[in-house]
Each structure stands twice: as structure tokens, then as C-alpha cells.
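Q: Supplied structure: start.csv, CSV, C-alpha atoms.
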```
chain,number,residue,atom,x,y,z
A,1,MET,CA,136.8,105.4,88.9
A,2,THR,CA,135.4,102.6,86.8
A,3,SER,CA,132.6,102.3,84.3
A,4,LYS,CA,130.2,99.5,83.5
A,5,HIS,CA,127.2,99.6,81.2
A,6,TYR,CA,123.7,98.6,82.1
A,7,ASP,CA,120.6,98.9,80.0
A,8,VAL,CA,118.5,100.1,82.9
A,9,VAL,CA,119.6,101.4,86.4
A,10,ILE,CA,116.8,101.5,89.0
A,11,VAL,CA,117.4,103.7,92.1
A,12,GLY,CA,115.6,102.5,95.2
A,13,ALA,CA,114.8,98.9,96.1
A,14,GLY,CA,111.4,99.2,97.8
A,15,PRO,CA,108.3,97.7,96.2
A,16,ALA,CA,108.4,100.1,93.2
A,17,GLY,CA,112.0,99.6,92.4
A,18,ALA,CA,112.1,95.9,93.0
A,19,SER,CA,108.9,95.5,90.8
A,20,ALA,CA,110.5,97.6,88.0
A,21,ALA,CA,113.7,95.6,88.2
A,22,GLN,CA,111.9,92.3,88.0
A,23,ALA,CA,109.7,93.4,85.1
A,24,ALA,CA,112.7,94.8,83.1
A,25,ALA,CA,115.0,91.9,83.8
A,26,LYS,CA,112.4,89.3,82.7
A,27,SER,CA,112.9,90.7,79.2
A,28,GLY,CA,116.5,89.6,79.2
A,29,ILE,CA,118.1,93.1,79.4
A,30,ASN,CA,120.9,94.1,81.7
A,31,VAL,CA,119.4,95.6,84.8
A,32,LEU,CA,121.1,97.1,87.9
A,33,LEU,CA,119.0,97.8,91.1
A,34,ILE,CA,120.7,99.9,93.8
A,35,ASP,CA,119.7,101.1,97.2
A,36,ALA,CA,121.4,103.5,99.6
A,37,GLY,CA,120.6,101.3,102.6
A,38,SER,CA,122.5,98.2,103.7
A,39,HIS,CA,119.2,96.5,104.4
A,40,PRO,CA,116.6,98.4,102.2
A,41,GLU,CA,113.7,96.5,103.7
A,42,ARG,CA,114.5,98.2,107.1
A,43,PRO,CA,113.5,100.3,108.8
A,44,VAL,CA,109.8,100.0,107.8
A,45,GLN,CA,108.2,103.4,107.4
A,46,CYS,CA,104.7,102.2,106.7
A,47,ALA,CA,101.5,101.2,108.4
A,48,GLU,CA,101.8,98.0,106.3
A,49,PHE,CA,98.2,97.5,105.1
A,50,VAL,CA,97.4,96.5,101.5
A,51,PRO,CA,94.0,95.8,99.9
A,52,ARG,CA,93.3,92.3,98.6
A,53,GLU,CA,93.7,93.6,95.0
A,54,ILE,CA,97.4,93.2,95.5
A,55,ASN,CA,96.9,89.5,94.6
A,56,GLN,CA,96.3,90.6,91.0
A,57,TYR,CA,99.9,91.9,90.8
A,58,VAL,CA,102.1,89.9,93.0
A,59,GLN,CA,102.1,86.5,94.8
A,60,LEU,CA,102.5,87.1,98.5
A,61,ALA,CA,105.5,85.3,99.9
A,62,PRO,CA,105.2,82.9,102.9
A,63,GLY,CA,105.4,84.9,106.0
A,64,ALA,CA,104.6,88.2,104.3
A,65,VAL,CA,101.0,88.3,105.6
A,66,VAL,CA,100.7,88.8,109.3
A,67,GLN,CA,96.9,88.8,109.3
A,68,THR,CA,93.8,89.3,107.2
A,69,ILE,CA,91.6,92.4,107.6
A,70,ARG,CA,87.9,92.3,107.1
A,71,SER,CA,86.7,95.9,107.6
A,72,MET,CA,87.7,99.5,108.1
A,73,ASP,CA,86.1,101.2,111.1
A,74,ILE,CA,85.8,105.0,111.2
A,75,TYR,CA,85.8,107.1,114.4
A,76,LEU,CA,84.9,110.7,114.7
A,77,TYR,CA,85.9,112.4,118.0
A,78,GLY,CA,86.5,108.9,119.4
A,79,LYS,CA,83.0,107.6,118.5
A,80,PRO,CA,82.4,104.9,115.9
A,81,VAL,CA,80.4,106.3,112.9
A,82,ALA,CA,80.9,103.7,110.2
A,83,SER,CA,82.2,100.2,109.4
A,84,LEU,CA,83.1,99.5,105.8
A,85,ALA,CA,83.5,96.0,104.5
A,86,GLY,CA,86.7,95.6,102.6
A,87,SER,CA,89.3,92.9,103.0
A,88,GLY,CA,93.1,93.3,102.9
A,89,TYR,CA,96.2,92.2,104.6
A,90,LEU,CA,98.6,93.5,107.2
A,91,LEU,CA,102.1,92.8,106.0
A,92,ASN,CA,105.4,92.0,107.5
A,93,ARG,CA,107.1,94.6,105.2
A,94,GLU,CA,110.6,93.2,105.9
A,95,VAL,CA,109.6,89.8,104.5
A,96,PHE,CA,107.5,91.3,101.7
A,97,ASP,CA,110.1,93.7,100.5
A,98,LYS,CA,112.9,91.2,100.6
A,99,SER,CA,110.8,88.7,98.6
A,100,LEU,CA,110.3,91.3,95.8
A,101,VAL,CA,114.0,92.0,95.6
A,102,ASN,CA,114.8,88.3,95.6
A,103,ARG,CA,112.4,87.9,92.6
A,104,ALA,CA,114.1,90.7,90.8
A,105,VAL,CA,117.5,89.0,91.3
A,106,ALA,CA,116.1,85.7,90.2
A,107,ALA,CA,114.8,87.3,87.0
A,108,GLY,CA,118.4,88.5,86.3
A,109,ALA,CA,118.8,91.9,87.9
A,110,GLU,CA,122.0,92.8,89.7
A,111,PHE,CA,121.5,94.2,93.2
A,112,ARG,CA,123.8,96.5,95.1
A,113,THR,CA,123.1,97.7,98.7
A,114,GLY,CA,124.8,100.7,100.3
A,115,THR,CA,124.9,102.4,96.9
A,116,ARG,CA,123.8,106.0,96.5
A,117,ALA,CA,123.0,107.7,93.2
A,118,THR,CA,124.7,111.1,93.4
A,119,ALA,CA,124.4,112.7,90.0
A,120,LYS,CA,123.0,112.2,86.5
A,121,THR,CA,125.3,112.6,83.5
A,122,ASP,CA,124.7,112.7,79.7
A,123,SER,CA,125.4,108.9,79.4
A,124,GLY,CA,124.6,107.5,82.8
A,125,LEU,CA,124.9,108.4,86.5
A,126,MET,CA,127.4,108.7,89.3
A,127,ILE,CA,127.1,106.5,92.3
A,128,SER,CA,128.9,106.3,95.6
A,129,ARG,CA,129.6,103.1,97.4
A,130,ASN,CA,131.8,102.6,100.4
A,131,GLY,CA,133.1,106.1,100.0
A,132,LYS,CA,134.2,105.5,96.4
A,133,GLU,CA,132.7,107.3,93.4
A,134,GLU,CA,131.8,105.2,90.3
A,135,PHE,CA,130.4,106.1,86.9
A,136,ILE,CA,127.7,103.8,85.6
A,137,GLN,CA,126.8,104.0,81.9
A,138,THR,CA,123.1,103.4,81.3
A,139,SER,CA,120.5,104.0,78.7
A,140,ILE,CA,117.6,104.5,81.1
A,141,ILE,CA,117.2,105.5,84.8
A,142,ILE,CA,114.2,104.6,86.9
A,143,GLY,CA,113.7,106.7,90.0
A,144,ALA,CA,112.0,104.7,92.8
A,145,ASP,CA,113.9,106.4,95.6
A,146,GLY,CA,111.1,107.6,97.8
A,147,PRO,CA,109.2,110.8,98.6
A,148,ARG,CA,112.2,113.1,98.3
A,149,SER,CA,113.6,111.5,95.2
A,150,ALA,CA,117.1,112.5,94.0
A,151,VAL,CA,116.2,111.2,90.6
A,152,GLY,CA,113.1,113.4,90.6
A,153,HIS,CA,115.3,116.4,91.6
A,154,TRP,CA,117.5,115.7,88.5
A,155,ILE,CA,114.5,116.2,86.2
A,156,LYS,CA,112.9,119.0,88.2
A,157,SER,CA,109.9,116.9,89.1
A,158,GLU,CA,109.4,116.7,92.9
A,159,ASN,CA,106.7,116.1,95.5
A,160,ARG,CA,105.6,119.3,97.2
A,161,GLU,CA,102.7,118.2,99.5
A,162,TYR,CA,103.3,115.8,102.3
A,163,LEU,CA,101.8,114.2,105.4
A,164,ALA,CA,104.2,113.5,108.2
A,165,GLY,CA,103.6,110.3,110.1
A,166,PHE,CA,104.8,108.9,113.4
A,167,GLN,CA,104.0,105.4,114.5
A,168,TYR,CA,104.5,102.9,117.4
A,169,THR,CA,104.2,99.2,117.5
A,170,LEU,CA,102.2,98.3,120.6
A,171,SER,CA,100.7,95.2,122.2
A,172,LEU,CA,96.9,94.8,121.8
A,173,ARG,CA,94.7,93.6,124.6
A,174,ASP,CA,92.5,91.7,122.2
A,175,GLU,CA,93.1,90.6,118.6
A,176,GLN,CA,90.8,92.3,116.0
A,177,LYS,CA,90.0,92.0,112.3
A,178,SER,CA,89.4,95.6,111.5
A,179,ILE,CA,91.7,98.6,110.8
A,180,ASP,CA,90.6,101.6,112.8
A,181,LEU,CA,90.8,105.2,111.6
A,182,TYR,CA,90.3,108.2,113.9
A,183,PHE,CA,89.5,111.7,113.0
A,184,LYS,CA,89.8,114.9,115.0
A,185,PRO,CA,90.5,118.5,114.0
A,186,GLU,CA,93.8,118.2,115.9
A,187,TYR,CA,95.1,115.7,113.3
A,188,THR,CA,95.4,118.6,110.8
A,189,GLY,CA,95.0,117.2,107.2
A,190,GLY,CA,95.4,113.7,108.4
A,191,TYR,CA,94.2,111.1,110.9
A,192,ALA,CA,95.2,108.5,113.5
A,193,TRP,CA,95.2,104.8,113.0
A,194,LEU,CA,95.3,101.4,114.6
A,195,PHE,CA,96.3,98.6,112.3
A,196,PRO,CA,96.3,95.2,114.0
A,197,LYS,CA,99.0,92.6,113.5
A,198,GLY,CA,98.0,89.6,115.6
A,199,ASP,CA,98.7,90.4,119.2
A,200,ARG,CA,100.3,93.7,118.3
A,201,ALA,CA,99.3,96.8,116.3
A,202,ASN,CA,100.8,99.7,114.3
A,203,VAL,CA,99.5,102.8,116.1
A,204,GLY,CA,100.2,106.1,114.5
A,205,VAL,CA,99.2,109.7,113.6
A,206,GLY,CA,99.7,111.6,110.4
A,207,VAL,CA,99.3,115.3,109.9
A,208,SER,CA,100.2,117.9,107.3
A,209,LEU,CA,103.9,118.6,107.2
A,210,LEU,CA,103.5,122.1,108.6
A,211,HIS,CA,102.3,120.6,111.9
A,212,LYS,CA,104.8,117.8,112.2
A,213,GLU,CA,106.2,119.2,115.5
A,214,LYS,CA,102.9,118.2,117.1
A,215,LEU,CA,103.3,114.5,116.3
A,216,PRO,CA,105.0,113.2,119.4
A,217,HIS,CA,102.3,114.8,121.6
A,218,LEU,CA,99.4,113.8,119.4
A,219,LEU,CA,100.6,110.2,119.2
A,220,GLN,CA,101.1,109.9,123.0
A,221,GLN,CA,97.6,111.4,123.5
A,222,PHE,CA,96.2,108.9,121.0
A,223,VAL,CA,97.9,106.0,122.8
A,224,ASN,CA,96.5,107.2,126.1
A,225,ASP,CA,93.0,107.3,124.6
A,226,LEU,CA,93.4,103.7,123.2
A,227,THR,CA,94.6,102.5,126.6
A,228,ALA,CA,91.6,104.1,128.3
A,229,GLN,CA,89.4,102.3,125.8
A,230,GLY,CA,91.0,99.0,126.7
A,231,LYS,CA,92.5,98.4,123.2
A,232,ILE,CA,96.1,98.7,124.1
A,233,LYS,CA,97.7,96.4,126.7
A,234,ASP,CA,101.2,97.8,127.0
A,235,THR,CA,102.1,101.4,126.2
A,236,LEU,CA,105.8,100.7,125.8
A,237,PRO,CA,106.4,100.5,122.0
A,238,SER,CA,108.4,97.6,120.6
A,239,ALA,CA,109.3,99.7,117.6
A,240,LYS,CA,109.0,103.3,116.4
A,241,THR,CA,109.0,104.7,112.9
A,242,GLY,CA,108.1,107.8,111.0
A,243,GLY,CA,108.4,109.4,107.6
A,244,LEU,CA,106.9,111.6,104.9
A,245,ILE,CA,104.0,110.6,102.7
A,246,PRO,CA,103.5,112.5,99.4
A,247,VAL,CA,99.8,113.4,99.1
A,248,GLY,CA,99.7,115.8,96.2
A,249,GLY,CA,98.9,113.1,93.6
A,250,PRO,CA,101.0,111.9,90.7
A,251,LEU,CA,103.6,114.4,89.5
A,252,GLY,CA,103.0,116.3,86.3
A,253,ILE,CA,106.2,114.9,84.9
A,254,THR,CA,106.9,111.1,85.5
A,255,GLN,CA,108.9,110.7,82.3
A,256,ALA,CA,111.5,113.0,80.9
A,257,GLU,CA,114.0,112.0,78.3
A,258,ASN,CA,115.5,108.7,79.6
A,259,VAL,CA,114.2,109.0,83.1
A,260,LEU,CA,111.0,107.4,84.6
A,261,LEU,CA,109.6,108.0,88.1
A,262,CYS,CA,107.5,105.4,90.0
A,263,GLY,CA,106.2,104.7,93.5
A,264,ASP,CA,106.5,107.5,96.0
A,265,ALA,CA,109.1,109.2,93.8
A,266,GLY,CA,106.4,109.9,91.2
A,267,GLY,CA,103.8,110.9,93.8
A,268,PHE,CA,101.9,107.6,93.4
A,269,THR,CA,100.3,107.4,96.8
A,270,HIS,CA,96.6,107.8,97.5
A,271,PRO,CA,96.2,111.6,98.3
A,272,VAL,CA,93.6,111.0,101.0
A,273,THR,CA,94.8,107.8,102.8
A,274,GLY,CA,98.5,108.0,102.0
A,275,GLY,CA,98.5,104.3,101.0
A,276,GLY,CA,101.1,103.5,98.4
A,277,ILE,CA,102.3,99.9,98.3
A,278,LEU,CA,100.0,98.7,95.6
A,279,THR,CA,100.4,101.8,93.4
A,280,ALA,CA,104.2,101.4,93.9
A,281,ILE,CA,104.1,97.8,92.5
A,282,VAL,CA,101.8,98.8,89.6
A,283,THR,CA,103.8,101.8,88.5
A,284,GLY,CA,107.1,99.9,89.0
A,285,GLU,CA,106.0,97.1,86.8
A,286,ILE,CA,104.8,99.5,84.1
A,287,ALA,CA,108.1,101.4,84.3
A,288,GLY,CA,110.1,98.3,84.0
A,289,ARG,CA,108.2,97.0,81.0
A,290,CYS,CA,108.4,100.3,79.2
A,291,ALA,CA,112.1,100.5,79.8
A,292,ALA,CA,112.6,97.0,78.5
A,293,GLN,CA,110.6,97.8,75.3
A,294,ALA,CA,112.7,100.9,74.7
A,295,VAL,CA,115.9,99.0,75.1
A,296,ILE,CA,114.9,96.0,73.0
A,297,ASN,CA,113.6,98.3,70.2
A,298,HIS,CA,116.6,100.7,70.5
A,299,ASP,CA,114.1,103.6,70.7
A,300,LEU,CA,113.9,105.7,73.9
A,301,ARG,CA,110.9,107.5,72.4
A,302,LEU,CA,108.9,104.4,73.6
A,303,LEU,CA,109.4,105.6,77.2
A,304,SER,CA,106.7,108.2,76.5
A,305,ARG,CA,104.2,105.3,76.7
A,306,TYR,CA,104.8,105.1,80.5
A,307,PRO,CA,102.6,108.1,81.5
A,308,GLN,CA,99.9,106.9,79.2
A,309,GLN,CA,99.9,103.4,80.6
A,310,TRP,CA,99.9,104.3,84.3
A,311,GLN,CA,97.1,106.9,83.5
A,312,SER,CA,95.0,104.2,82.0
A,313,ILE,CA,95.1,102.1,85.2
A,314,LEU,CA,95.4,104.7,88.0
A,315,GLY,CA,94.7,108.1,86.6
A,316,GLY,CA,91.0,108.4,87.3
A,317,PHE,CA,91.3,106.8,90.8
A,318,LEU,CA,94.1,109.0,91.9
A,319,GLU,CA,92.6,112.2,90.4
A,320,ARG,CA,89.3,111.7,92.3
A,321,ALA,CA,91.4,111.3,95.5
A,322,ARG,CA,93.5,114.4,94.7
A,323,ARG,CA,90.3,116.4,94.5
A,324,LYS,CA,89.2,115.1,97.8
A,325,ARG,CA,92.6,116.0,99.3
A,326,ASN,CA,92.2,119.5,98.0
A,327,ASP,CA,88.8,119.7,99.6
A,328,MET,CA,90.3,118.6,102.9
A,329,THR,CA,93.1,121.1,102.7
A,330,THR,CA,90.7,124.0,101.8
A,331,TYR,CA,87.9,123.3,104.3
A,332,TRP,CA,89.7,121.7,107.3
A,333,THR,CA,88.0,123.2,110.4
A,334,GLU,CA,87.5,123.0,114.1
A,335,ASP,CA,83.8,123.5,113.8
A,336,ARG,CA,82.3,120.2,114.8
A,337,ASP,CA,79.4,120.0,112.3
A,338,GLN,CA,81.5,121.2,109.4
A,339,PHE,CA,84.3,118.9,110.3
A,340,GLU,CA,82.1,115.8,110.4
A,341,GLY,CA,80.6,116.8,107.1
A,342,LEU,CA,84.1,117.2,105.6
A,343,ILE,CA,85.3,113.8,106.8
A,344,LYS,CA,82.1,112.0,105.6
A,345,ARG,CA,82.5,113.8,102.2
A,346,THR,CA,86.1,112.9,101.7
A,347,TRP,CA,86.5,109.6,103.5
A,348,ILE,CA,83.4,107.5,104.3
A,349,GLY,CA,82.4,105.6,101.3
A,350,ALA,CA,85.2,107.1,99.3
A,351,SER,CA,86.3,105.1,96.3
```
Let me see the structure of the file written as C-alpha cells.

A:
Amino acid sequence: MTSKHYDVVIVGAGPAGASAAQAAAKSGINVLLIDAGSHPERPVQCAEFVPREINQYVQLAPGAVVQTIRSMDIYLYGKPVASLAGSGYLLNREVFDKSLVNRAVAAGAEFRTGTRATAKTDSGLMISRNGKEEFIQTSIIIGADGPRSAVGHWIKSENREYLAGFQYTLSLRDEQKSIDLYFKPEYTGGYAWLFPKGDRANVGVGVSLLHKEKLPHLLQQFVNDLTAQGKIKDTLPSAKTGGLIPVGGPLGITQAENVLLCGDAGGFTHPVTGGGILTAIVTGEIAGRCAAQAVINHDLRLLSRYPQQWQSILGGFLERARRKRNDMTTYWTEDRDQFEGLIKRTWIGAS
């Protein structure tokens, strides 16, 4: 068992972790970024849409954008009810995520794949790599390790409310510039989506975790509906993916002693839509900067600025969405009129 000291260790190399690593390393401190996967950018467990506001936080790498989106179209019971203008991008997440990690490394961070964080100690953490245990000394740990975060578990701050999603990549009959969202009572607590990517589309369904066993049937039914409408050309998926999306809002504890949580690990996804790429980047950058300031000033008390800083940018936005999620959970119904009212109240025109 060997030991090496890093100022900051970041667990998880998705958008949140890579952004934290880059922000911290730019300050000249000693940063280690680890990820349990051998290729952390795969498999993609995401519908891959980001709003255009992402340009304020990161330069999109060549090849990261598959296509531009111009609007969001809403369907209730299969019928269009609204089209909302709002531009964004469908990403190639593999290219996008890899570019963020490369920028962190270029800023000076060390990056290790196939490395799992197994336990927190008084002066660092234990990791496992290639079957070998290693002790890493560190002043600060940033948890960016997804919806069921090990780092969050260490500080007893964990997500409790989830959507479960299941998605196919399918061939489109005609290219389109809108993302399509479909609502029916069967999609309990969630919705179905078609996100176009050129001649293909990410087609999926998300429901509350208690109903996850229905997902294969619901997705196949949705694909059949889209095929009947003439939107899907080939029902044989070129890729399949699925995963959990935290929708309970930011956790009550996102900083405890020398630990920070960002991205999905801290509950930073939109409680209604489940979108989390942009909030992952924002919270990752804030966490990385706060960690660097604490190291440079030899004062871990400065980490307490992290919750204040993310609250000032994201707090009101995510709190409004959390209240709408609570509304959805409380009043979800099979009554047609009441259901339409609920969706219009919580989705259409939502900020």
C-alpha cells in the first residue's frame, strides 16, 4: 500500500468532475481526478440535450454538437398542445465529456481511470485500482460520482428521489429541429421524449423509480406510436441505455468538513425535466474554485462558501422546479382534465 498527497481529489470524471478538476488545477494546486470506468465517457446515460446557455460556461469542442435545436414541442395524449421557442444543442456526449477531461489534464490535473474510491479516512481516502488498494492523502474531496454517490454516502448526504429512464437510439424518417416531449398518465411522474440527432434520435421514457419495471413495455409502446406517426424509420435500436436521474432537488448538505458534492451527486438536476449537464458544469466549476481557494489560503473553512455560491446562481431556479416536482408527485392522476391541467401547470411555459 502506497501513499501520495494531493491537494484535491475529485471522484467521478463526468462534466461535474472534469469541470471541478480544471477549475482547481488552473490555480496551480495538485489535483487528482479519478473515475471507476475505463472509459468514463461511455456508456452515455443521457438524452444529450443542453440549452444554449452552456456557451457561457464552456467552449464546445469540435464534433461535440450533433445538431442545433430550435424549439420544444409538447404532446398530451399524443396530440400537440404547445411549441416553445428555445434553442440548444444535441451533443455527442462521448466527444463532449472527453474534451472536458482533456482540458482538466491540460490545466495540470492528473487523471486515473479504472479507479474506485472505496472509503474516506481522517487524512484522505482509500482507492482501488486493478485489484490493489491504495491510500491517497488529500486535503479536500469533491464528490462528482453520480446519482448514487459513494462520497455523498460518506457524509450521509444522499439523493432519495429518482426518475428511472430507458432510451433507444433509432433512425428518424425525417430530420427535425425540435425536441418532442410526450405526456400520458402511464408515464408516472415523468414523460417520454424524442431528441433528434441528425438522421437518428434518442427516444426514451422516464418514470418514477417505483414504476421502473414498466419501462421496457412503455418504451416499446412509445416506439410503436412514433412508428405509426411516421417519425421513426427503423425500430431496431443502434444503442440502448438507461439510468437513474435524481429529481429531489439539491441536497441539504453539499459541503461537510473537507467534502464537496457537485453534479448529480449533489442533486443538481432539474427536478422536473431531469436535465443536469449544465448544472453539473456550473457546480463543478464552483466546487473546484472553492477548493483551490481553501488550499491556497490554508483554510478549509473557506469551503463553506460553496453552498452560498451555488445558491446565488442556481438556488431560486432549482427551488421553483422542486416545488413543481412536488406538485406533480402529489397530484399525478389518470383523470384527463386534471392531468392536462397538472402538466400545463408544471411544464408548459415553466421557467

Q: Looking at only C-alpha atoms, which of A:Ala107, A:Leu125, A:Val50, A:Leu219 is the one that sits closest to Ser87 in chain A?

A: A:Val50

Q: Using only C-alpha atoms, which residues sit within 10 Å of Gly284 in chain A once same-chain residues fewer than 4 positions away are excluded, as a ChimeraX atom specification?

A: /A:10,14-24,142-144,260-263,278-280,288-290,310

Q: Take the selection from the previous step and output its residues with C-alpha atoms, as a PDB file, keeping the file's coordinate frame.

A:
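Full text of selection_3.pdb as output:
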```
ATOM      1  CA  ILE A  10     116.800 101.500  89.000  1.00  0.00           C
ATOM      2  CA  GLY A  14     111.400  99.200  97.800  1.00  0.00           C
ATOM      3  CA  PRO A  15     108.300  97.700  96.200  1.00  0.00           C
ATOM      4  CA  ALA A  16     108.400 100.100  93.200  1.00  0.00           C
ATOM      5  CA  GLY A  17     112.000  99.600  92.400  1.00  0.00           C
ATOM      6  CA  ALA A  18     112.100  95.900  93.000  1.00  0.00           C
ATOM      7  CA  SER A  19     108.900  95.500  90.800  1.00  0.00           C
ATOM      8  CA  ALA A  20     110.500  97.600  88.000  1.00  0.00           C
ATOM      9  CA  ALA A  21     113.700  95.600  88.200  1.00  0.00           C
ATOM     10  CA  GLN A  22     111.900  92.300  88.000  1.00  0.00           C
ATOM     11  CA  ALA A  23     109.700  93.400  85.100  1.00  0.00           C
ATOM     12  CA  ALA A  24     112.700  94.800  83.100  1.00  0.00           C
ATOM     13  CA  ILE A 142     114.200 104.600  86.900  1.00  0.00           C
ATOM     14  CA  GLY A 143     113.700 106.700  90.000  1.00  0.00           C
ATOM     15  CA  ALA A 144     112.000 104.700  92.800  1.00  0.00           C
ATOM     16  CA  LEU A 260     111.000 107.400  84.600  1.00  0.00           C
ATOM     17  CA  LEU A 261     109.600 108.000  88.100  1.00  0.00           C
ATOM     18  CA  CYS A 262     107.500 105.400  90.000  1.00  0.00           C
ATOM     19  CA  GLY A 263     106.200 104.700  93.500  1.00  0.00           C
ATOM     20  CA  LEU A 278     100.000  98.700  95.600  1.00  0.00           C
ATOM     21  CA  THR A 279     100.400 101.800  93.400  1.00  0.00           C
ATOM     22  CA  ALA A 280     104.200 101.400  93.900  1.00  0.00           C
ATOM     23  CA  GLY A 288     110.100  98.300  84.000  1.00  0.00           C
ATOM     24  CA  ARG A 289     108.200  97.000  81.000  1.00  0.00           C
ATOM     25  CA  CYS A 290     108.400 100.300  79.200  1.00  0.00           C
ATOM     26  CA  TRP A 310      99.900 104.300  84.300  1.00  0.00           C
TER      27      TRP A 310
END
```

Q: Using all atoms listed in the file, which residues sit within 10 Å of Phe339 in chain A once same-chain residues fewer than 5 positions away are excluded, as JSON, numbers by chain?

A: {"A": [76, 183, 184, 185, 328, 331, 332, 333, 334, 344, 345]}

Q: Excluding same-chain residues fewer than 5 positions from Ser304 in chain A, what lies within 10 Å of it counting only C-alpha atoms, as a PyMOL selection string?

A: chain A and resi 254-258+260+290-291+294+309

Q: Hey, can you pull every residue with an atom no more than 9 Å from (102.1, 110.8, 93.7), using all atoms listed in the file, and send it as a list in words?

A: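 Collected hits near the coordinates: Pro147, Asn159, Pro246, Val247, Gly248, Gly249, Pro250, Leu251, Cys262, Gly263, Asp264, Ala265, Gly266, Gly267, Phe268, Thr269, His270, Pro271, Gly276 and Leu318 of chain A.
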
Q: Find, counting only C-alpha atoms, the residue in A:Leu218, A:Leu170, A:Gln176, A:Leu90 that gets nearest to Thr188 in chain A.

A: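 Under the stated criterion, the closest residue is A:Leu218.
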
Q: Rounded to one decimal, what separation in Å do you get between CA of Ser83 in chain A and CA of Ser71 in chain A?

A: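 For CA of Ser83 in chain A relative to CA of Ser71 in chain A, the distance reads 6.5 Å.
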